[in-house]
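Below is one structure, written out as structure tokens; comments come after it.
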Amino acid sequence: MRSTYVTELLPSPARPAEVSALIGADRMPGQGWIDDVDPSRGAVVARLARCGAAEVAGAVATARETFQRRWRRRPASERGSLLRAVAERIRAEAEELAVQESTETGKPLRQGRADVAAAARYFEFYGSVVEALHGEVVPQVGDNQVFVHREPHGVTGHIVAWNYPLQITARSAAASLAAGNCCVIKPAEEASLGAVRLAEIALEAGVPAGCFNVVTGLGEEAGAALAAAPVDHLAFTGSVEVGRLVAATAGRNLVPTTMELGGKSPNIVFDDADLELALPTIVNSIVQNGGQTCSAGSRLLVHRDIHRRVVDGIAERFRALRLGPALEDPDLGPLISAAQRERVAGLVGDGAGDGRLVTGGRVAEGPGLDDGYFFEPTLVDDVAPDSLLAREEVFGPVLAVTPFDDLDEAVRIANGTDFGLVAAVWTRNVGRAHWISRELDAGQVFVNTYGAGGGVELPFGGVKNSGFGREKGFEGLLAYTRTKTVAVRSVADDDMS
Ligand code: NAD
């Protein structure tokens, strides 16, 4: 099978290659084509098959048959070793995958490389821990010996966001396949090549055709069709708005869902914080991937006594950031699209209330930037907690700063949005760190760090509008299983012999 790589597609930009969906081992052309644009250059790099309800139905049927006849019968040790082989193949072509990921999404090449490494780790991790996925025995319930088995759901659907396409596809597909499910992936129309290539790699590594299917297309067509399809579990990663639609559709069919949605995550800096450690980490937490990260540290709550020092330190770092096309490995790449850039500019312009623009706030211009969708790293100070900029997910390199006077106020502001994905606390006071960790509305809390290196092993997911259910870690594997309880009468009874 010829591999789908943007490196091979790039030499002929005048006629971008057409990339089909992959159902079983078959390419599916769909009902037309969608342009796949490189946001660093504003140029079309590929055309993706525009699939709809018919292709989704075909993929679900293929996955169902493969699940029934083949994959669920494979022992966990065999599934695990196939998934670990996928990890090895990902590593063997890490650079091609990274170039492709960075080209499609605009992320700096070192971030593309980090995402490929994480994708490999997901296959390795789930390919390993699945061998420790045992059920439970509940001894002697009356005359019964009770076994609680962990079984796969069957066919799992996965609707994926564009911002970390390889990582998100890998984290949920690897967990699903490890648990014995077969999956149908609907990648985002802005960035689908990584998912298609992962499916090809899985086939090349020996994963049976039909386990890992990818249906490309538009959200309102292929995505909506997958949300309504007869699958047994649905994992959605994306915006709150679309998450509500998908959850409602799945709810009507009583299909269980995992919802990984947006965030407005705070870094909370106390006056005893180690600022040498805190400032570069805080900057990275908002400029990584151009701020287009669900868990971006987009709010900075800082104790009033150190407020000025912290704001000056961040502004200096923002001004030193180098912007550029993804493959030049800058500090900051472009936003995903012109529309996204407009939205970011609008929120900075109209959403900041009485906030004071310290730096940035404009479309970035200059050599190498004019064809892409670049926006300057932006720092807005004294942002009122009830302003739009403090409450809405911007999805751009925009940091909103709000000073606080005491611990209670810090917690109140931190919890004062509709989101609750992650939060970070910067303090040398261990007791305070533990106390505030308990009080914060978030699925993950970091103390004197942010993100914990991506944390393939760490359960991840939100509360409130950031969603429900967990991906990653062992918890993520359990989410792709359901229990079956088997009670066996166990008595010394001659009649039973
Ligand atoms: P989006 O909601 O626009 O799209 C997400 C996916 O849903 C895409 O595949 C899209 O094609 C599909 N979709 C769109 N309309 C649909 C419909 N009507 N029915 C079914 N599917 C549909 O989100 P996005 O712009 O791709 O991603 C950005 C959002 O994702 C941000 O809010 C971000 O915080 C969130 N996100 C969350 C996590 C997490 O793990 N919590 C990770 C990454 C991104």
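Going by the structure tokens order, chains are called A, B, ..., each with residues numbered from 1, while ligands are numbered from 1 in the order shown.
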
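Using only C-alpha atoms, the protein and nucleic acid residues lying no more than 6 Å from segment 85-88 of chain A, apart from those fewer than 6 places from it along its own chain, are A:Ala120, A:Phe123, A:Glu124, A:Ala202, A:Ala205.
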
Could you make a table, as a tab-separated table, of the residues of segment 142-213 of chain A that have an atom within 10 Å of an atom of segment 464-471 of chain A, each with its nearest atom pair and distance in Å to one decimal, counting only C-alpha atoms, in chain and number order?
```
residue	atom	partner	partner_atom	distance
A:Ile168	CA	A:Glu471	CA	9.4
A:Arg171	CA	A:Glu471	CA	7.2
A:Ser172	CA	A:Glu471	CA	6.9
A:Ala175	CA	A:Glu471	CA	8.5
```

Show me a table, sorted first by chain and then by increasing residue number, of the residues of chain A having an atom at most 7 Å from ligand 1, each with its shortest atom pair and the distance in Å to one decimal, counting only C-alpha atoms and all ligand atoms and written as JSON lines.
```
{"residue": "A:Ile159", "atom": "CA", "partner": "ligand 1", "partner_atom_place_in_ligand_line": "9 (O)", "distance": 5.0}
{"residue": "A:Val160", "atom": "CA", "partner": "ligand 1", "partner_atom_place_in_ligand_line": "9 (O)", "distance": 4.4}
{"residue": "A:Ala161", "atom": "CA", "partner": "ligand 1", "partner_atom_place_in_ligand_line": "26 (O)", "distance": 3.5}
{"residue": "A:Trp162", "atom": "CA", "partner": "ligand 1", "partner_atom_place_in_ligand_line": "26 (O)", "distance": 4.6}
{"residue": "A:Asn163", "atom": "CA", "partner": "ligand 1", "partner_atom_place_in_ligand_line": "43 (C)", "distance": 5.9}
{"residue": "A:Tyr164", "atom": "CA", "partner": "ligand 1", "partner_atom_place_in_ligand_line": "43 (C)", "distance": 6.3}
{"residue": "A:Ile168", "atom": "CA", "partner": "ligand 1", "partner_atom_place_in_ligand_line": "42 (C)", "distance": 6.9}
{"residue": "A:Lys186", "atom": "CA", "partner": "ligand 1", "partner_atom_place_in_ligand_line": "9 (O)", "distance": 5.9}
{"residue": "A:Pro187", "atom": "CA", "partner": "ligand 1", "partner_atom_place_in_ligand_line": "9 (O)", "distance": 4.8}
{"residue": "A:Ala188", "atom": "CA", "partner": "ligand 1", "partner_atom_place_in_ligand_line": "9 (O)", "distance": 3.4}
{"residue": "A:Glu189", "atom": "CA", "partner": "ligand 1", "partner_atom_place_in_ligand_line": "11 (O)", "distance": 5.6}
{"residue": "A:Leu218", "atom": "CA", "partner": "ligand 1", "partner_atom_place_in_ligand_line": "11 (O)", "distance": 5.2}
{"residue": "A:Gly219", "atom": "CA", "partner": "ligand 1", "partner_atom_place_in_ligand_line": "11 (O)", "distance": 3.2}
{"residue": "A:Glu220", "atom": "CA", "partner": "ligand 1", "partner_atom_place_in_ligand_line": "18 (N)", "distance": 4.0}
{"residue": "A:Gly223", "atom": "CA", "partner": "ligand 1", "partner_atom_place_in_ligand_line": "21 (N)", "distance": 3.5}
{"residue": "A:Ala224", "atom": "CA", "partner": "ligand 1", "partner_atom_place_in_ligand_line": "19 (N)", "distance": 3.6}
{"residue": "A:Ala227", "atom": "CA", "partner": "ligand 1", "partner_atom_place_in_ligand_line": "20 (C)", "distance": 5.8}
{"residue": "A:Thr237", "atom": "CA", "partner": "ligand 1", "partner_atom_place_in_ligand_line": "37 (C)", "distance": 5.0}
{"residue": "A:Gly238", "atom": "CA", "partner": "ligand 1", "partner_atom_place_in_ligand_line": "30 (O)", "distance": 3.0}
{"residue": "A:Ser239", "atom": "CA", "partner": "ligand 1", "partner_atom_place_in_ligand_line": "32 (O)", "distance": 3.6}
{"residue": "A:Val240", "atom": "CA", "partner": "ligand 1", "partner_atom_place_in_ligand_line": "32 (O)", "distance": 6.2}
{"residue": "A:Glu241", "atom": "CA", "partner": "ligand 1", "partner_atom_place_in_ligand_line": "2 (O)", "distance": 6.5}
{"residue": "A:Val242", "atom": "CA", "partner": "ligand 1", "partner_atom_place_in_ligand_line": "2 (O)", "distance": 4.6}
{"residue": "A:Gly243", "atom": "CA", "partner": "ligand 1", "partner_atom_place_in_ligand_line": "2 (O)", "distance": 6.4}
{"residue": "A:Leu245", "atom": "CA", "partner": "ligand 1", "partner_atom_place_in_ligand_line": "18 (N)", "distance": 6.5}
{"residue": "A:Val246", "atom": "CA", "partner": "ligand 1", "partner_atom_place_in_ligand_line": "20 (C)", "distance": 5.6}
{"residue": "A:Glu260", "atom": "CA", "partner": "ligand 1", "partner_atom_place_in_ligand_line": "41 (N)", "distance": 3.6}
{"residue": "A:Leu261", "atom": "CA", "partner": "ligand 1", "partner_atom_place_in_ligand_line": "41 (N)", "distance": 4.2}
{"residue": "A:Gly262", "atom": "CA", "partner": "ligand 1", "partner_atom_place_in_ligand_line": "34 (O)", "distance": 3.1}
{"residue": "A:Gly263", "atom": "CA", "partner": "ligand 1", "partner_atom_place_in_ligand_line": "34 (O)", "distance": 5.5}
{"residue": "A:Thr293", "atom": "CA", "partner": "ligand 1", "partner_atom_place_in_ligand_line": "34 (O)", "distance": 6.0}
{"residue": "A:Cys294", "atom": "CA", "partner": "ligand 1", "partner_atom_place_in_ligand_line": "34 (O)", "distance": 3.3}
{"residue": "A:Ser295", "atom": "CA", "partner": "ligand 1", "partner_atom_place_in_ligand_line": "34 (O)", "distance": 6.9}
{"residue": "A:Glu393", "atom": "CA", "partner": "ligand 1", "partner_atom_place_in_ligand_line": "32 (O)", "distance": 7.0}
{"residue": "A:Phe395", "atom": "CA", "partner": "ligand 1", "partner_atom_place_in_ligand_line": "31 (C)", "distance": 7.0}
{"residue": "A:Gly461", "atom": "CA", "partner": "ligand 1", "partner_atom_place_in_ligand_line": "41 (N)", "distance": 5.9}
{"residue": "A:Gly462", "atom": "CA", "partner": "ligand 1", "partner_atom_place_in_ligand_line": "41 (N)", "distance": 6.8}
{"residue": "A:Ser466", "atom": "CA", "partner": "ligand 1", "partner_atom_place_in_ligand_line": "41 (N)", "distance": 6.5}
```

(message) Set the distance at 12 Å and use only C-alpha atoms: which residues neighbour Thr156 of chain A once local chain neighbours fewer than 5 positions away are removed? I'd like the list as number ranges by chain.
(response) A: 59-61, 63-64, 67, 172-177, 179-186, 211-214, 226-227, 229-236, 255-258, 479-481

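For Ala228 of chain A, the list of residues within 10 Å, based on only C-alpha atoms and with local chain neighbours fewer than 5 positions off taken out, reads Ala53, Val56, Ala222, Gly223, Leu234, Val246, Ala247, Ala248, Thr249, Ala250, Gly251, Arg252, Asn253 and Val255 of chain A.
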
Serialized selection, N, CA and C atoms, as a PDB file, in the first residue's frame:
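File written: again.pdb
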```pdb
ATOM      1  N   ALA A  53     -22.777   9.700   4.932  1.00  0.00           N
ATOM      2  CA  ALA A  53     -23.460   8.634   5.663  1.00  0.00           C
ATOM      3  C   ALA A  53     -23.166   7.248   5.083  1.00  0.00           C
ATOM      4  N   VAL A  56     -19.674   6.121   6.126  1.00  0.00           N
ATOM      5  CA  VAL A  56     -19.656   5.848   7.566  1.00  0.00           C
ATOM      6  C   VAL A  56     -20.355   4.518   7.850  1.00  0.00           C
ATOM      7  N   ALA A 222     -19.781  13.675   7.553  1.00  0.00           N
ATOM      8  CA  ALA A 222     -19.229  12.425   8.100  1.00  0.00           C
ATOM      9  C   ALA A 222     -19.320  12.399   9.627  1.00  0.00           C
ATOM     10  N   GLY A 223     -19.040  13.543  10.272  1.00  0.00           N
ATOM     11  CA  GLY A 223     -19.077  13.595  11.745  1.00  0.00           C
ATOM     12  C   GLY A 223     -20.479  13.328  12.257  1.00  0.00           C
ATOM     13  N   LEU A 234     -18.819   6.170  21.824  1.00  0.00           N
ATOM     14  CA  LEU A 234     -18.402   7.290  20.988  1.00  0.00           C
ATOM     15  C   LEU A 234     -17.485   8.189  21.811  1.00  0.00           C
ATOM     16  N   VAL A 246     -23.318  16.264  19.479  1.00  0.00           N
ATOM     17  CA  VAL A 246     -22.931  14.851  19.365  1.00  0.00           C
ATOM     18  C   VAL A 246     -23.479  14.056  20.558  1.00  0.00           C
ATOM     19  N   ALA A 247     -23.369  14.635  21.759  1.00  0.00           N
ATOM     20  CA  ALA A 247     -23.860  13.931  22.955  1.00  0.00           C
ATOM     21  C   ALA A 247     -25.382  13.750  22.880  1.00  0.00           C
ATOM     22  N   ALA A 248     -26.073  14.762  22.332  1.00  0.00           N
ATOM     23  CA  ALA A 248     -27.538  14.656  22.235  1.00  0.00           C
ATOM     24  C   ALA A 248     -27.922  13.544  21.262  1.00  0.00           C
ATOM     25  N   THR A 249     -27.225  13.492  20.119  1.00  0.00           N
ATOM     26  CA  THR A 249     -27.525  12.445  19.131  1.00  0.00           C
ATOM     27  C   THR A 249     -27.229  11.065  19.714  1.00  0.00           C
ATOM     28  N   ALA A 250     -26.047  10.933  20.317  1.00  0.00           N
ATOM     29  CA  ALA A 250     -25.677   9.637  20.901  1.00  0.00           C
ATOM     30  C   ALA A 250     -26.652   9.274  22.015  1.00  0.00           C
ATOM     31  N   GLY A 251     -27.081  10.286  22.764  1.00  0.00           N
ATOM     32  CA  GLY A 251     -28.021  10.041  23.856  1.00  0.00           C
ATOM     33  C   GLY A 251     -29.327   9.453  23.358  1.00  0.00           C
ATOM     34  N   ARG A 252     -29.794   9.965  22.231  1.00  0.00           N
ATOM     35  CA  ARG A 252     -31.057   9.426  21.676  1.00  0.00           C
ATOM     36  C   ARG A 252     -30.917   7.939  21.366  1.00  0.00           C
ATOM     37  N   ASN A 253     -29.709   7.543  20.961  1.00  0.00           N
ATOM     38  CA  ASN A 253     -29.476   6.118  20.647  1.00  0.00           C
ATOM     39  C   ASN A 253     -28.959   5.337  21.856  1.00  0.00           C
ATOM     40  N   VAL A 255     -26.111   5.577  23.235  1.00  0.00           N
ATOM     41  CA  VAL A 255     -24.702   5.187  23.045  1.00  0.00           C
ATOM     42  C   VAL A 255     -23.863   5.942  24.081  1.00  0.00           C
TER      43      VAL A 255
END
```

(request) Would you mind writing down, as a PyMOL selection string, each residue of segment 145-270 of chain A that DSSP on the backbone assigns to strand (DSSP E or B)? (result) chain A and resi 145-152+155-159+182-186+188+191+212-214+233-237+257-260+266-269

(request) Could you tell me how far atom CA of Asp370 of chain A lies from atom CA of Ala98 of chain A, in Å and to one decimal? (result) 23.7 Å

What's around Leu332 of chain A at 7 Å? Count only C-alpha atoms, leave out sequence neighbours fewer than 3 positions away in its own chain, and write the answer as an mmCIF file with N, CA and C atoms, in the first residue's frame.
```cif
data_model
loop_
_atom_site.group_PDB
_atom_site.id
_atom_site.type_symbol
_atom_site.label_atom_id
_atom_site.label_comp_id
_atom_site.auth_asym_id
_atom_site.auth_seq_id
_atom_site.Cartn_x
_atom_site.Cartn_y
_atom_site.Cartn_z
ATOM 1 N N PRO A 108 5.055 24.190 15.400
ATOM 2 C CA PRO A 108 6.508 24.115 15.227
ATOM 3 C C PRO A 108 6.970 22.663 15.151
ATOM 4 N N VAL A 287 1.697 29.520 24.749
ATOM 5 C CA VAL A 287 2.110 29.646 23.336
ATOM 6 C C VAL A 287 2.282 28.282 22.650
ATOM 7 N N GLY A 290 0.484 27.484 19.411
ATOM 8 C CA GLY A 290 -0.193 28.754 19.148
ATOM 9 C C GLY A 290 -1.364 29.008 20.079
ATOM 10 N N LEU A 321 9.690 36.112 21.438
ATOM 11 C CA LEU A 321 9.307 34.887 20.708
ATOM 12 C C LEU A 321 9.489 35.086 19.201
ATOM 13 N N ARG A 322 9.971 34.050 18.562
ATOM 14 C CA ARG A 322 10.210 34.090 17.111
ATOM 15 C C ARG A 322 9.029 33.407 16.413
ATOM 16 N N LEU A 323 8.362 34.141 15.542
ATOM 17 C CA LEU A 323 7.241 33.566 14.787
ATOM 18 C C LEU A 323 7.744 33.086 13.432
ATOM 19 N N GLY A 324 7.126 32.039 12.896
ATOM 20 C CA GLY A 324 7.541 31.582 11.568
ATOM 21 C C GLY A 324 6.771 30.358 11.125
#
```

(request) Determine, counting only C-alpha atoms, which protein, DNA and RNA residues have an atom within 10 Å of an atom of Gly135 of chain A; residues of the same chain fewer than 4 positions away are not included. Present the result as a PyMOL selection string. (result) chain A and resi 147-151+483-485

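Among A:Glu457, A:Ala492, A:Thr216, A:Arg428, the residue with the shortest atom-to-atom distance to Leu277 of chain A, counting only C-alpha atoms, is A:Arg428.
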
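Between atom CA of Gly443 of chain A and atom CA of Gly127 of chain A lies a distance of 24.8 Å.
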
Determine which residues of segment 268-477 of chain A DSSP labels as helix (DSSP H, G or I) from the backbone of this structure, then write them out as a short mmCIF file (atom, residue, chain, number, x, y, z; two decimals) with N, CA and C atoms, in the first residue's frame.
```
data_model
loop_
_atom_site.label_atom_id
_atom_site.label_comp_id
_atom_site.auth_asym_id
_atom_site.auth_seq_id
_atom_site.Cartn_x
_atom_site.Cartn_y
_atom_site.Cartn_z
N LEU A 275 9.72 32.14 40.69
CA LEU A 275 9.36 32.74 39.39
C LEU A 275 10.31 32.31 38.27
N GLU A 276 11.54 31.96 38.62
CA GLU A 276 12.47 31.46 37.59
C GLU A 276 11.90 30.20 36.92
N LEU A 277 11.25 29.40 37.75
CA LEU A 277 10.64 28.16 37.24
C LEU A 277 9.30 28.47 36.60
N ALA A 278 8.54 29.36 37.25
CA ALA A 278 7.15 29.58 36.83
C ALA A 278 7.04 30.29 35.48
N LEU A 279 7.79 31.39 35.30
CA LEU A 279 7.52 32.23 34.13
C LEU A 279 7.71 31.51 32.79
N PRO A 280 8.85 30.84 32.56
CA PRO A 280 8.97 30.15 31.25
C PRO A 280 7.90 29.08 31.06
N THR A 281 7.50 28.42 32.14
CA THR A 281 6.49 27.36 32.01
C THR A 281 5.13 27.96 31.69
N ILE A 282 4.83 29.09 32.32
CA ILE A 282 3.54 29.75 32.05
C ILE A 282 3.50 30.22 30.60
N VAL A 283 4.60 30.79 30.12
CA VAL A 283 4.65 31.25 28.73
C VAL A 283 4.43 30.06 27.80
N ASN A 284 5.13 28.98 28.06
CA ASN A 284 4.98 27.80 27.19
C ASN A 284 3.55 27.26 27.23
N SER A 285 2.92 27.34 28.40
CA SER A 285 1.57 26.76 28.53
C SER A 285 0.55 27.50 27.66
N ILE A 286 0.84 28.74 27.27
CA ILE A 286 -0.11 29.45 26.42
C ILE A 286 0.39 29.58 24.98
N VAL A 287 1.70 29.52 24.75
CA VAL A 287 2.11 29.65 23.34
C VAL A 287 2.28 28.28 22.65
N GLN A 288 2.36 27.20 23.41
CA GLN A 288 2.47 25.88 22.78
C GLN A 288 1.33 25.69 21.79
N ASN A 289 1.67 25.28 20.59
CA ASN A 289 0.66 25.05 19.54
C ASN A 289 -0.15 26.33 19.25
N GLY A 290 0.48 27.48 19.41
CA GLY A 290 -0.19 28.75 19.15
C GLY A 290 -1.36 29.01 20.08
N GLY A 291 -1.33 28.41 21.27
CA GLY A 291 -2.45 28.58 22.21
C GLY A 291 -3.65 27.73 21.84
N ARG A 304 -1.31 40.01 44.09
CA ARG A 304 -1.11 41.44 43.79
C ARG A 304 0.31 41.92 44.15
N ASP A 305 0.94 41.32 45.17
CA ASP A 305 2.27 41.79 45.59
C ASP A 305 3.35 41.54 44.53
N ILE A 306 3.13 40.57 43.67
CA ILE A 306 4.15 40.28 42.64
C ILE A 306 3.60 40.52 41.22
N HIS A 307 2.43 41.09 41.17
CA HIS A 307 1.71 41.27 39.91
C HIS A 307 2.57 41.97 38.85
N ARG A 308 3.09 43.13 39.19
CA ARG A 308 3.84 43.93 38.20
C ARG A 308 5.06 43.16 37.69
N ARG A 309 5.80 42.53 38.65
CA ARG A 309 7.02 41.79 38.28
C ARG A 309 6.69 40.66 37.29
N VAL A 310 5.62 39.96 37.59
CA VAL A 310 5.24 38.80 36.76
C VAL A 310 4.81 39.28 35.37
N VAL A 311 4.00 40.31 35.31
CA VAL A 311 3.52 40.80 34.01
C VAL A 311 4.71 41.30 33.18
N ASP A 312 5.63 42.05 33.80
CA ASP A 312 6.81 42.53 33.05
C ASP A 312 7.63 41.35 32.52
N GLY A 313 7.80 40.34 33.37
CA GLY A 313 8.61 39.17 32.97
C GLY A 313 7.98 38.42 31.81
N ILE A 314 6.66 38.27 31.83
CA ILE A 314 5.97 37.55 30.74
C ILE A 314 6.02 38.39 29.46
N ALA A 315 5.80 39.70 29.59
CA ALA A 315 5.81 40.58 28.41
C ALA A 315 7.18 40.49 27.72
N GLU A 316 8.23 40.50 28.51
CA GLU A 316 9.58 40.43 27.93
C GLU A 316 9.75 39.12 27.15
N ARG A 317 9.26 38.05 27.73
CA ARG A 317 9.39 36.75 27.06
C ARG A 317 8.52 36.70 25.80
N PHE A 318 7.31 37.23 25.86
CA PHE A 318 6.43 37.25 24.67
C PHE A 318 7.11 38.00 23.53
N ARG A 319 7.73 39.16 23.87
CA ARG A 319 8.32 40.00 22.80
C ARG A 319 9.52 39.30 22.16
N ALA A 326 5.83 26.58 10.24
CA ALA A 326 6.02 25.41 11.11
C ALA A 326 7.34 24.68 10.87
N LEU A 327 7.68 24.49 9.59
CA LEU A 327 8.85 23.65 9.30
C LEU A 327 10.17 24.38 9.58
N GLU A 328 10.11 25.69 9.85
CA GLU A 328 11.32 26.41 10.29
C GLU A 328 11.49 26.30 11.80
N ALA A 338 -7.74 31.39 8.60
CA ALA A 338 -8.02 32.83 8.62
C ALA A 338 -9.22 33.10 9.54
N ALA A 339 -10.20 32.21 9.51
CA ALA A 339 -11.41 32.42 10.33
C ALA A 339 -11.04 32.38 11.82
N GLN A 340 -10.18 31.46 12.19
CA GLN A 340 -9.77 31.35 13.60
C GLN A 340 -9.00 32.61 14.02
N ARG A 341 -8.18 33.11 13.12
CA ARG A 341 -7.43 34.33 13.43
C ARG A 341 -8.38 35.51 13.64
N GLU A 342 -9.41 35.58 12.83
CA GLU A 342 -10.40 36.66 12.98
C GLU A 342 -11.11 36.58 14.33
N ARG A 343 -11.43 35.35 14.71
CA ARG A 343 -12.13 35.14 15.98
C ARG A 343 -11.23 35.59 17.14
N VAL A 344 -9.94 35.21 17.07
CA VAL A 344 -9.00 35.59 18.13
C VAL A 344 -8.90 37.11 18.21
N ALA A 345 -8.74 37.77 17.06
CA ALA A 345 -8.61 39.23 17.04
C ALA A 345 -9.87 39.86 17.62
N GLY A 346 -11.02 39.30 17.32
CA GLY A 346 -12.29 39.84 17.81
C GLY A 346 -12.37 39.74 19.33
N LEU A 347 -11.96 38.59 19.89
CA LEU A 347 -12.04 38.41 21.34
C LEU A 347 -11.07 39.33 22.06
N VAL A 348 -9.90 39.57 21.46
CA VAL A 348 -8.93 40.48 22.08
C VAL A 348 -9.47 41.91 21.99
N GLY A 349 -10.07 42.24 20.85
CA GLY A 349 -10.55 43.61 20.65
C GLY A 349 -11.78 43.94 21.48
N ASP A 350 -12.79 43.06 21.39
CA ASP A 350 -14.07 43.40 22.03
C ASP A 350 -14.28 42.71 23.37
N LEU A 388 -15.52 38.71 28.72
CA LEU A 388 -15.51 37.62 27.75
C LEU A 388 -14.12 36.97 27.66
N LEU A 389 -13.10 37.82 27.68
CA LEU A 389 -11.73 37.31 27.52
C LEU A 389 -11.33 36.39 28.69
N ALA A 390 -11.93 36.61 29.85
CA ALA A 390 -11.60 35.77 31.01
C ALA A 390 -12.44 34.50 31.05
N ARG A 391 -13.51 34.46 30.26
CA ARG A 391 -14.43 33.32 30.36
C ARG A 391 -14.45 32.42 29.13
N LEU A 407 -6.14 33.78 49.12
CA LEU A 407 -6.39 32.41 48.66
C LEU A 407 -7.85 32.20 48.23
N ASP A 408 -8.78 32.68 49.04
CA ASP A 408 -10.19 32.47 48.71
C ASP A 408 -10.56 33.15 47.40
N GLU A 409 -10.03 34.35 47.21
CA GLU A 409 -10.33 35.06 45.97
C GLU A 409 -9.73 34.32 44.77
N ALA A 410 -8.53 33.78 44.97
CA ALA A 410 -7.88 33.04 43.88
C ALA A 410 -8.73 31.84 43.46
N VAL A 411 -9.24 31.12 44.44
CA VAL A 411 -10.07 29.93 44.15
C VAL A 411 -11.37 30.36 43.48
N ARG A 412 -11.96 31.43 44.00
CA ARG A 412 -13.23 31.90 43.43
C ARG A 412 -13.06 32.28 41.96
N ILE A 413 -11.99 33.02 41.65
CA ILE A 413 -11.78 33.43 40.24
C ILE A 413 -11.46 32.19 39.40
N ALA A 414 -10.59 31.33 39.93
CA ALA A 414 -10.18 30.14 39.16
C ALA A 414 -11.39 29.29 38.78
N VAL A 430 3.58 23.78 50.80
CA VAL A 430 3.01 22.47 50.45
C VAL A 430 1.57 22.33 50.95
N GLY A 431 1.33 22.82 52.16
CA GLY A 431 -0.03 22.72 52.71
C GLY A 431 -1.02 23.47 51.84
N ARG A 432 -0.63 24.67 51.41
CA ARG A 432 -1.51 25.47 50.56
C ARG A 432 -1.75 24.77 49.22
N ALA A 433 -0.67 24.17 48.68
CA ALA A 433 -0.79 23.47 47.39
C ALA A 433 -1.81 22.34 47.49
N HIS A 434 -1.75 21.58 48.58
CA HIS A 434 -2.71 20.47 48.74
C HIS A 434 -4.13 21.00 48.92
N TRP A 435 -4.26 22.05 49.72
CA TRP A 435 -5.59 22.59 50.01
C TRP A 435 -6.25 23.08 48.71
N ILE A 436 -5.50 23.87 47.97
CA ILE A 436 -6.09 24.47 46.77
C ILE A 436 -6.35 23.40 45.70
N SER A 437 -5.53 22.36 45.66
CA SER A 437 -5.74 21.28 44.68
C SER A 437 -7.11 20.63 44.90
N ARG A 438 -7.49 20.53 46.18
CA ARG A 438 -8.80 19.94 46.47
C ARG A 438 -9.94 20.86 46.05
N GLU A 439 -9.70 22.16 46.15
CA GLU A 439 -10.78 23.13 45.92
C GLU A 439 -11.04 23.42 44.44
N GLY A 451 1.30 20.46 32.81
CA GLY A 451 1.18 19.45 31.75
C GLY A 451 1.84 18.12 32.05
N ALA A 452 2.80 18.10 32.97
CA ALA A 452 3.48 16.86 33.36
C ALA A 452 3.96 16.08 32.13
N GLY A 453 4.58 16.80 31.21
CA GLY A 453 5.22 16.16 30.05
C GLY A 453 4.25 15.44 29.14
N GLY A 454 3.01 15.85 29.12
CA GLY A 454 2.04 15.19 28.23
C GLY A 454 1.33 14.05 28.93
N LYS A 464 -17.45 20.08 34.44
CA LYS A 464 -18.31 21.16 33.91
C LYS A 464 -18.31 21.10 32.37
N ASN A 465 -18.21 22.24 31.70
CA ASN A 465 -18.29 22.22 30.23
C ASN A 465 -17.03 21.66 29.55
N SER A 466 -16.03 21.31 30.33
CA SER A 466 -14.85 20.68 29.71
C SER A 466 -15.10 19.21 29.40
N GLY A 473 -3.95 7.03 30.39
CA GLY A 473 -3.73 6.24 31.59
C GLY A 473 -4.54 4.94 31.56
N PHE A 474 -4.47 4.20 32.67
CA PHE A 474 -5.21 2.94 32.77
C PHE A 474 -6.71 3.21 32.74
N GLU A 475 -7.08 4.36 33.32
CA GLU A 475 -8.47 4.80 33.32
C GLU A 475 -9.02 4.85 31.88
N GLY A 476 -8.17 5.32 30.94
CA GLY A 476 -8.58 5.41 29.53
C GLY A 476 -8.85 4.03 28.94
N LEU A 477 -8.11 3.03 29.38
CA LEU A 477 -8.35 1.66 28.90
C LEU A 477 -9.68 1.14 29.45
#
```

(request) Could you give me, as JSON, numbers by chain, the residues within 7 Å of Val358 of chain A, counting only C-alpha atoms and dropping anything in the same chain fewer than 2 positions from it? (result) {"A": [356, 379, 380, 381]}

Restricting it to N, CA and C atoms, dump the selection as a PDB file, in the first residue's frame.
```pdb
ATOM      1  N   ARG A 356      -6.034  45.918  29.988  1.00  0.00           N
ATOM      2  CA  ARG A 356      -4.995  46.767  29.381  1.00  0.00           C
ATOM      3  C   ARG A 356      -4.106  45.896  28.497  1.00  0.00           C
ATOM      4  N   LEU A 379      -0.648  39.748  25.453  1.00  0.00           N
ATOM      5  CA  LEU A 379      -0.794  39.769  26.909  1.00  0.00           C
ATOM      6  C   LEU A 379      -1.740  40.905  27.272  1.00  0.00           C
ATOM      7  N   VAL A 380      -2.822  40.568  27.975  1.00  0.00           N
ATOM      8  CA  VAL A 380      -3.786  41.589  28.407  1.00  0.00           C
ATOM      9  C   VAL A 380      -3.836  41.551  29.933  1.00  0.00           C
ATOM     10  N   ASP A 381      -3.618  42.694  30.557  1.00  0.00           N
ATOM     11  CA  ASP A 381      -3.532  42.759  32.020  1.00  0.00           C
ATOM     12  C   ASP A 381      -4.838  43.327  32.601  1.00  0.00           C
TER      13      ASP A 381
END
```

(request) Rounded to one decimal place, report the atom CA of Gly30 of chain A-atom CA of Cys51 of chain A distance in Å. (result) 4.3 Å
